[in-house]
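**Q** Sending over model39.txt (compact mmCIF, C-alpha atoms).
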```txt
# COMPACT_ATOMS: atom_id res chain seq x y z
CA MET F 20 102.14 0.54 87.90
CA ASN F 21 98.54 -0.72 87.85
CA ARG F 22 96.82 -2.56 85.02
CA HIS F 23 94.88 0.55 83.95
CA SER F 24 98.12 2.43 83.33
CA VAL F 25 99.55 -0.47 81.30
CA LEU F 26 96.36 -0.67 79.22
CA ALA F 27 96.41 3.09 78.67
CA MET F 28 100.04 2.96 77.52
CA HIS F 29 99.20 0.24 74.97
CA ILE F 30 96.27 2.24 73.65
CA VAL F 31 98.41 5.38 73.41
CA ALA F 32 101.04 3.46 71.46
CA TRP F 33 98.46 2.12 68.98
CA GLY F 34 96.82 5.56 68.72
CA TYR F 35 100.20 7.08 67.94
CA VAL F 36 100.90 4.44 65.25
CA TRP F 37 97.46 5.04 63.70
CA TYR F 38 97.90 8.82 63.80
CA SER F 39 101.47 8.83 62.54
CA LYS F 40 100.68 6.34 59.74
CA GLY F 41 98.57 9.05 58.14
CA ILE F 42 101.38 11.59 58.55
CA TRP F 43 103.95 9.22 57.03
CA ILE F 44 101.77 8.58 54.00
CA ASP F 45 101.20 12.33 53.50
CA THR F 46 104.92 13.05 53.96
CA TYR F 47 105.96 10.32 51.52
CA PHE F 48 103.66 11.53 48.76
CA ALA F 49 104.55 15.19 49.40
CA MET F 50 108.26 14.39 49.06
CA GLU F 51 107.73 12.46 45.87
CA GLN F 52 105.35 15.18 44.62
CA GLN F 53 102.93 12.54 43.48
CA PRO F 54 99.19 12.58 44.00
CA ILE F 55 97.93 10.40 46.82
CA PRO F 56 96.41 7.28 45.23
CA ALA F 57 93.08 7.70 47.03
CA GLN F 58 92.66 11.17 45.51
CA SER F 59 93.74 10.14 42.07
CA ALA F 60 91.15 7.36 42.05
CA GLY F 61 88.38 9.86 42.76
CA LYS F 62 87.91 8.63 46.35
CA PRO F 63 87.77 11.15 49.17
CA ARG F 64 90.84 11.31 51.41
CA ARG F 65 90.43 9.70 54.79
CA ALA F 66 91.62 12.63 56.86
CA TRP F 67 89.28 11.52 59.64
CA LYS F 68 91.77 8.78 60.54
CA LYS F 69 94.32 11.39 61.55
CA TRP F 70 91.75 13.28 63.61
CA VAL F 71 90.50 10.14 65.34
CA GLY F 72 94.08 9.06 66.03
CA ALA F 73 94.95 12.51 67.36
CA LEU F 74 91.87 12.57 69.62
CA VAL F 75 92.57 9.07 70.94
CA LEU F 76 96.16 10.03 71.59
CA LEU F 77 95.18 13.25 73.36
CA ALA F 78 92.51 11.52 75.47
CA LEU F 79 94.91 8.82 76.54
CA ILE F 80 97.70 11.23 77.36
CA ALA F 81 95.20 13.06 79.58
CA PHE F 82 94.15 9.74 81.14
CA ILE F 83 97.76 8.78 81.90
CA ALA F 84 98.44 12.21 83.36
CA TRP F 85 95.33 11.85 85.55
CA GLN F 86 96.52 8.40 86.70
CA GLY F 87 99.84 9.94 87.62
CA VAL F 88 98.24 12.64 89.76
CA ALA F 89 95.43 10.52 91.14
CA GLU F 90 96.13 10.13 94.81
CA GLU F 91 97.23 6.67 95.77
CA PRO F 92 95.34 5.40 98.78
CA ARG F 93 97.48 6.14 101.78
CA ALA F 94 98.31 3.36 104.13
CA VAL F 95 96.71 3.98 107.49
CA PRO F 96 99.41 3.97 110.17
CA GLN F 97 99.29 0.96 112.46
CA ALA F 98 100.51 0.96 116.02
CA LEU F 99 102.56 -1.90 117.36
CA VAL F 100 100.51 -4.59 119.08
CA GLY F 101 100.19 -3.83 122.78
CA THR F 102 100.72 -0.09 122.34
CA ALA F 103 98.69 2.25 124.53
CA VAL F 104 98.93 5.58 126.37
CA ILE F 105 97.17 5.67 129.74
CA LEU F 106 96.70 8.79 131.86
CA ARG F 107 96.87 7.64 135.51
CA ASP F 108 94.50 9.18 138.08
CA PRO F 109 94.24 12.71 136.66
CA ALA F 110 93.00 15.42 139.02
CA ALA F 111 89.41 16.57 138.48
CA SER F 112 90.03 20.09 139.80
CA ALA F 113 92.78 22.39 141.01
CA ALA F 114 93.28 25.97 142.17
CA LEU F 115 94.55 28.62 139.79
CA GLY F 116 98.34 28.91 140.15
CA GLU F 117 98.69 25.41 141.62
CA ALA F 118 101.11 22.96 139.98
CA VAL F 119 99.00 19.98 138.94
CA SER F 120 100.93 16.70 138.73
CA PHE F 121 100.27 14.20 135.97
CA ARG F 122 101.42 10.63 135.53
CA TRP F 123 100.99 8.68 132.32
CA GLU F 124 102.11 5.30 131.13
CA VAL F 125 103.24 4.56 127.61
CA ARG F 126 102.87 0.85 126.88
CA ALA F 127 104.70 -0.71 123.98
CA PRO F 128 106.73 -3.83 123.26
CA VAL F 129 110.22 -3.82 124.78
CA GLY F 130 112.60 -2.21 122.30
CA ALA F 131 110.07 0.29 120.95
CA SER F 132 110.78 3.98 121.46
CA ALA F 133 108.94 7.29 121.59
CA VAL F 134 110.40 10.44 120.06
CA HIS F 135 107.71 12.54 121.73
CA THR F 136 105.35 12.17 124.65
CA ALA F 137 103.42 14.91 126.44
CA ILE F 138 100.19 16.00 128.04
CA HIS F 139 98.38 18.11 125.44
CA TRP F 140 95.61 20.42 126.64
CA GLY F 141 93.35 23.28 125.65
CA SER F 142 90.03 24.96 126.40
CA VAL F 143 88.19 23.14 123.58
CA SER F 144 87.15 19.51 123.86
CA VAL F 145 88.21 17.01 121.18
CA PRO F 146 85.72 14.19 121.83
CA GLY F 147 85.95 10.62 120.64
CA THR F 148 88.91 8.45 119.80
CA LEU F 149 91.86 10.03 118.01
CA GLY F 150 93.31 7.77 115.34
CA TYR F 151 96.94 6.90 114.76
CA GLU F 152 97.16 9.44 111.93
CA VAL F 153 96.03 12.39 114.11
CA ALA F 154 99.01 14.56 115.06
CA PRO F 155 98.78 17.15 117.86
CA ASP F 156 98.72 20.00 115.32
CA ALA F 157 95.47 18.58 113.93
CA THR F 158 93.68 18.94 117.30
CA ALA F 159 92.34 21.87 119.31
CA TYR F 160 94.87 21.21 122.09
CA SER F 161 96.95 24.38 121.92
CA GLU F 162 99.30 23.73 124.85
CA PHE F 163 101.51 20.86 125.95
CA LEU F 164 103.84 19.79 128.72
CA SER F 165 107.28 19.95 127.12
CA ASP F 166 109.35 17.82 129.53
CA TYR F 167 109.51 14.82 127.14
CA ALA F 168 108.47 16.52 123.91
CA THR F 169 111.76 15.63 122.21
CA GLY F 170 114.34 12.93 122.62
CA GLN F 171 114.51 9.17 122.34
CA HIS F 172 112.52 7.53 125.14
CA ALA F 173 112.85 3.76 125.60
CA LEU F 174 109.54 2.00 126.20
CA PRO F 175 107.58 0.77 128.08
CA ARG F 176 107.83 3.54 130.66
CA GLU F 177 105.91 5.80 133.00
CA PHE F 178 106.28 9.58 132.70
CA THR F 179 105.47 12.37 135.16
CA GLY F 180 105.17 16.11 134.90
CA ALA F 181 103.37 19.13 136.31
CA ILE F 182 101.34 21.90 134.69
CA ILE F 183 100.36 25.30 136.10
CA PHE F 184 97.20 26.19 134.21
CA PRO F 185 97.27 29.92 133.33
CA GLN F 186 93.55 30.68 133.57
CA PRO F 187 90.44 29.48 135.39
CA GLY F 188 87.81 27.34 133.71
CA THR F 189 87.64 23.87 132.23
CA SER F 190 90.61 22.48 130.34
CA PHE F 191 90.55 19.30 128.28
CA LEU F 192 93.62 17.11 128.04
CA ARG F 193 95.10 13.86 126.78
CA ALA F 194 98.39 12.06 127.12
CA HIS F 195 100.04 11.48 123.74
CA ALA F 196 103.09 9.69 122.40
CA VAL F 197 104.68 9.19 118.99
CA ILE F 198 105.76 5.54 119.07
CA ASP F 199 107.84 4.35 116.12
CA GLY F 200 106.31 7.12 113.98
CA VAL F 201 102.68 6.50 115.01
CA ASN F 202 100.49 8.84 117.13
CA VAL F 203 98.92 7.15 120.14
CA TRP F 204 96.48 9.03 122.40
CA SER F 205 94.85 8.42 125.77
CA PRO F 206 91.13 9.10 126.21
CA GLU F 207 90.25 12.74 126.92
CA HIS F 208 89.98 14.01 130.52
CA GLN F 209 88.91 17.37 131.84
CA ILE F 210 90.07 19.44 134.76
CA VAL F 211 88.32 22.44 136.31
CA ILE F 212 90.66 25.23 137.37
CA GLU F 213 89.05 27.26 140.10
CA GLY F 214 90.18 30.80 140.57
```
As C-alpha cells - that is how I would like this structure written.
**A**
Amino acid sequence: MNRHSVLAMHIVAWGYVWYSKGIWIDTYFAMEQQPIPAQSAGKPRRAWKKWVGALVLLALIAFIAWQGVAEEPRAVPQALVGTAVILRDPAASAALGEAVSFRWEVRAPVGASAVHTAIHWGSVSVPGTLGYEVAPDATAYSEFLSDYATGQHALPREFTGAIIFPQPGTSFLRAHAVIDGVNVWSPEHQIVIEG
C-alpha cells in the first residue's frame, strides 16, 4: 500500500466522522423530540457540514477505488546474465520444396532451462530488437519449427531443425527461446525461396 492510499484512508475516516457527527446530532434530537439548540437560538442550521462531509467522503471513496484499479507499473522481465539466442549461418536462399536446415545456439548459465525454442518465420518483417516481454504471438511471425516447441531443455545447448517453406518469396525469421520465463530472440534474418 503506497503513502497516497494511506493518506486517502485517513481523510476518508475523518470525512466519515465529520459527516456522521451531523447525523448523530440530528438523530439524538429527533429521538428526544427536542428542538436542535442552534435552531432554538435563532441561528441557521449548519446543514452544509453534512454536505461537505458527504462530498469529501464520496470523493475519497472514488480516489481509493481509482488507486485500486490504477495499473501498477509492471516489472520488465530480465534475462539471466549471459543469455542469448544465436542463429548460426542461416541460408540466404533455397529452392521451393527443399528442406532448409537451421542451427541455433541458446546460451544461458548452466542450470537454466528453456520450455520452448524454435525458429519463427513469416512473410512480414519484424525489424529491430525484440524485447524480453515480446512473445511470439505478439509478432508477425505466423509459422514456427515445432521440434523443440515444448518440453524442458537444459541449457546451454545447440538446436537443429529443418523447414520446407511452402511458397516462393522472401521469408523473415528469428530463433527464439523462453528461458526461465523470459523471451529471448536472435536478430532477424531473411531467406529467399526461389520457385
**Q** Enclose the full set of atoms of region 119-128 of chain F listed in the file within a box whose edges lie along x, y and z, apply 3 Å of padding to each of the six sides, and report centre and edge lengths in Å to one decimal as AutoDock Vina command-line options.
**A**
```
--center_x 102.9 --center_y 8.1 --center_z 131.1 --size_x 13.7 --size_y 29.8 --size_z 21.7
```
**Q** Which residues, written as an mmCIF file with C-alpha atoms, keeping the file's coordinate frame, have at least one atom at most 7 Å from Trp204 (chain F), with only C-alpha atoms counted and residues fewer than 3 positions away on the same chain left out?
**A**
```cif
data_model
loop_
_atom_site.group_PDB
_atom_site.id
_atom_site.type_symbol
_atom_site.label_atom_id
_atom_site.label_comp_id
_atom_site.auth_asym_id
_atom_site.auth_seq_id
_atom_site.Cartn_x
_atom_site.Cartn_y
_atom_site.Cartn_z
ATOM 1 C CA VAL F 104 98.930 5.580 126.370
ATOM 2 C CA LEU F 149 91.860 10.030 118.010
ATOM 3 C CA ARG F 193 95.100 13.860 126.780
ATOM 4 C CA ALA F 194 98.390 12.060 127.120
ATOM 5 C CA HIS F 195 100.040 11.480 123.740
ATOM 6 C CA ALA F 196 103.090 9.690 122.400
#
```
**Q** Of the candidates F:Val153, F:Ser142, F:Ile182, F:His208, which one gets nearest to Ser165 (chain F) if we count all atoms listed in the file?
**A**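 Ranked by minimum distance to Ser165 (chain F), first place goes to F:Ile182.
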**Q** Considering only C-alpha atoms, return as a compact mmCIF listing (two decimals) with C-alpha atoms, keeping the file's coordinate frame whatever protein or nucleic-acid residues lie within 7 Å of region 127-140 of chain F, sequence-local ones (same chain, fewer than 2 positions apart) excluded.
**A**
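The resulting around.txt:
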```
# COMPACT_ATOMS: atom_id res chain seq x y z
CA GLY F 101 100.19 -3.83 122.78
CA THR F 102 100.72 -0.09 122.34
CA ALA F 103 98.69 2.25 124.53
CA VAL F 125 103.24 4.56 127.61
CA TYR F 160 94.87 21.21 122.09
CA SER F 161 96.95 24.38 121.92
CA GLU F 162 99.30 23.73 124.85
CA PHE F 163 101.51 20.86 125.95
CA LEU F 164 103.84 19.79 128.72
CA SER F 165 107.28 19.95 127.12
CA TYR F 167 109.51 14.82 127.14
CA ALA F 168 108.47 16.52 123.91
CA THR F 169 111.76 15.63 122.21
CA GLY F 170 114.34 12.93 122.62
CA GLN F 171 114.51 9.17 122.34
CA HIS F 172 112.52 7.53 125.14
CA ALA F 173 112.85 3.76 125.60
CA LEU F 174 109.54 2.00 126.20
CA PRO F 175 107.58 0.77 128.08
CA SER F 190 90.61 22.48 130.34
CA PHE F 191 90.55 19.30 128.28
CA LEU F 192 93.62 17.11 128.04
CA ARG F 193 95.10 13.86 126.78
CA ALA F 194 98.39 12.06 127.12
CA HIS F 195 100.04 11.48 123.74
CA ALA F 196 103.09 9.69 122.40
CA VAL F 197 104.68 9.19 118.99
CA ILE F 198 105.76 5.54 119.07
CA ASP F 199 107.84 4.35 116.12
```
**Q** Take CA of Asp108 (chain F) and CA of Gly188 (chain F) and report the distance between them in Å, one decimal.
**A** 19.8 Å
